[in-house]
There are 2 protein chains.
Amino acid sequence: MVDTLETRELRYFVAVAEELHFSRAAKRLGIAQPPLSRAIAQLERRLGVTLLERDRRGVTLTDAGQVLLDEARAILDATTAAARRTRRAASATNRLALATKAGANHELLRKLLDAHAAAPDATEVDVLLCGMGDQARMLRDGRADAALMQRPFDDLTGFDTEDLLTEQQVAILPAGHPLAARTSLTMADISDVPDLPVARWPGQDGTYAPGPGPEIHDQSQLAQLIALGHTMAVLCASSRSWLWHAHAAVPLTDAPHVTTVLAWLAHSRSRAVAGLVRTATQHFPPAR
Amino acid sequence: MVDTLETRELRYFVAVAEELHFSRAAKRLGIAQPPLSRAIAQLERRLGVTLLERDRRGVTLTDAGQVLLDEARAILDATTAAARRTRRAASATNRLALATKAGANHELLRKLLDAHAAAPDATEVDVLLCGMGDQARMLRDGRADAALMQRPFDDLTGFDTEDLLTEQQVAILPAGHPLAARTSLTMADISDVPDLPVARWPGQDGTYAPGPGPEIHDQSQLAQLIALGHTMAVLCASSRSWLWHAHAAVPLTDAPHVTTVLAWLAHSRSRAVAGLVRTATQHFPPAR
DNA sequence: CCGCTGTCATACCCGGCCGGTATCACCGCA
DNA sequence: TGCGGTGATACCGGCCGGGTATGACAGCGG
């Protein structure tokens with residue numbers, strides 16, 4: 001009845017719960033099937049709960065099993081994150097890993113880094129470029145100490161944040177398109193333009209929502225497709241910095257504003273992170 | 001080099017890191033000292049990091065050790081929470097544990113429970129009365145599924161919330177006191193009243209901030225002390241419901257408003273919680 | 001109806017690891 | 001220079017996790 005879930009048990013359970021098949025899970029874990037069955041049975045006995053319903057035709061998760069699956073995944077992620085953070089704290093002492101989207105926020109990042117470098121207690125900053133919402137993952141799994149993220153696009157739960165810059169969104173169009181001549185547009189104007197379907201970005205699970213527009217992986221690809229007149233995109237105003245001559249940016253009056261924030265793990269006790277946050281609050285509009 | 005931190009290792013490390021003394025830690029863990037030393041050494045070898053500096057005159061934590069201590073505590077809490085949630089999911093199926101402060105929010109709680117009971121998919125609700133910010137702990141460690149908490153007093157990080165009721169704060173005074181005759185007060189009016197020092201509540205770590213006022217443990221004690229004319233307190237307006245004739249409540253014009261919120265664990269997948277949240281959003285002012 | 005296949009559970013053995021006791025190396029101290 | 005007290009080391013025994021072999025059982029095709 002003691003509630004000491006060993007991570008080994010959790011690893012085993014997650015494997016079985018994901019495969020819903022003991023033999024496959026055992027192979028995935030690199031062990032034989034009987035020890036796996038025994039380990040799961042032992043876990044169930046210790047918890048006093050049946051986690052898996054095994055009857056003819058396969059294995060299914062019980063409600064309790066589903067709960068434990070979610071919890072176990074979180075715990076296992078936390079352990080690997082803990083190991084990484086500990087190693088980083090030992091090796092990269094007095095360094096700070098800042099995750100940011102590749103190819104955006106040049107000026108903002110420059111301004112932040114310059115301000116930080118000028119601070120008296122400046123720590124070295126390693127900038128980690130990552131794509132499309134990888135920042136949250138890197139922050140959570142301990143590879144980064146802080147990140148530049150965007151509200152309302154990114155999932156900020158579990159993070160503390162400091163607002164850095166709020167900006168309008170703009171439509172990026174081929175320069176020659178009729179809509180590019182307008183001084184402003186609305187969301188209604190740009191949805192369902194037959195010859196310019198809006199580009200689709202992957203969601204945070206890596207899949208694409210259905211739609212007519214092309215599937216975009218990175219910014220250079222997007223720039224190319226827009227210049228060719230195959231698509232258009234909605235981006236925040238600072239994206240203007242990397243536009244080509246073949247591009248046009250038109251403000252969107254009714255699109256939600258985008259706030260770039262400095263994010264870090266809630267309850268962080270890192271002195272380096274605290275220093276960066278402090279310079280950020282000092283060099284960017286402190287309150288709304 | 002593999003990053004599989006076993007919870008046993010983490011338990012051991014936390015004990016040593018907290019005691020800063022191998023023998024005491026071993027006694028606390030119920031094992032002998034040599035296996036403990038070996039386990040810690042093994043953990044350090046596997047991580048490739050020295051966590052503890054042992055030289056003459058005791059043991060101290062390295063920076064990396066401090067990082068791992070924080071992480072390990074969180075992970076261990078998560079495992080016990082996981083065990084509890086799993087057991088509750090199996091036993092109290094289709095029930096829901098709602099944590100709330102003892103002795104507050106009578107009307108609000110009644111209204112919420114009535115609305116929930118009237119919903120078509122009503123699950124049974126177990127109300128857990130707890131004192132002074134225990135709600136957050138019970139939510140985090142899996143003893144409760146949802147809680148009534150108050151912004152800005154309670155630490156809501158890690159929770160999703162739904163605002164239920166925003167109210168003014170009032171000063172609760174002895175009925176006979178001169179200030180009780182006023183129709184409104186400001187924070188300046190009530191600070192530093194020599195004969196009525198403001199009562200002190202414990203912080204979320206259980207300690208009291210220094211000050212002249214009496215240390216308060218619960219509401220009945222506070223009521224008694226106010227009625228005796230020994231202290232005063234600042235509470236949200238709904239506290240009027242339990243006032244005595246010997247009490248007087250005067251609105252505070254410049255105190256921050258208090259919002260009572262329904263809180264639950266972010267990323268919760270519980271159907272029961274979702275149902276309660278749905279009825280809450282329907283029966284309380286949906287948006288500001 | 002009967003093997004055949006594939007599932008998970010059971011039985012049994014073995015080796016490694018965890019925990020125990022005994023001891024050492026070292027330091028501060030009287 | 002003993003003495004108390006620290007953590008580290010040496011060694012041993014039992015337990016438990018992992019392996020192989022096998023069983024119980026269901027679905028299925030002949």
# chains A, B, ... in the order shown; residues from 1 in each chain; ligands from 1
>>> interface_residues(of="chain C", to="chain A", cutoff="12 Å", atoms="only C-alpha atoms (C1' of nucleotides)", output="list of chain:residue names")
C:DG6, C:DT7, C:DC8, C:DA9, C:DT10, C:DA11
>>> interface_residues(of="chain A", to="chain D", cutoff="8 Å", atoms="only C-alpha atoms (C1' of nucleotides)", output="list in words")
Ile31, Ala32, Pro35 and Arg56 of chain A
>>> closest_atom_pairs(of="chain A", to="chain B", cutoff="6 Å", atoms="only C-alpha atoms", output="CSV")
residue,atom,partner,partner_atom,distance
A:Asp3,CA,B:Thr80,CA,5.9
A:Glu6,CA,B:Thr7,CA,5.4
A:Thr7,CA,B:Glu6,CA,5.4
A:Ala64,CA,B:Ala89,CA,4.9
A:Val67,CA,B:Thr86,CA,5.9
A:Leu68,CA,B:Thr86,CA,5.6
A:Glu71,CA,B:Ala82,CA,5.6
A:Thr80,CA,B:Asp3,CA,5.8
A:Ala82,CA,B:Glu71,CA,5.6
A:Ala83,CA,B:Asp3,CA,5.9
A:Thr86,CA,B:Ala64,CA,5.1
A:Ala89,CA,B:Ala64,CA,4.9
A:Ala90,CA,B:Ala64,CA,5.1
A:Gly158,CA,B:Gly158,CA,5.3
>>> residues_around(residues="Pro120 in chain A", least_positions_apart="5", cutoff="12 Å", atoms="only C-alpha atoms (C1' of nucleotides)", output="list in words")
Ala115, Gly275, Leu276, Arg278 and Thr279 of chain A
>>> closest_residue(among="A:Val127, A:Ala199, A:Met187, A:Ala119", to="His283 in chain A", atoms="only C-alpha atoms")
A:Ala119
>>> select_by_dssp(residues="range 5-95 of chain B", states="strand (DSSP E or B)", output="number ranges by chain")
B: 52-54, 59-61, 95
>>> select_by_dssp(residues="range 133-206 of chain B", states="alpha helix (DSSP H)", output="ChimeraX atom specification")
/B:134-140,187-190
>>> residues_around(residues="Pro251 in chain A", least_positions_apart="3", cutoff="12 Å", atoms="only C-alpha atoms (C1' of nucleotides)", output="PyMOL selection string")
chain A and resi 167-173+179-187+189-190+233-240+248+254-257
>>> atom_distance(atom1="CA of Leu164 in chain A", atom2="CA of Thr260 in chain A")
5.7 Å
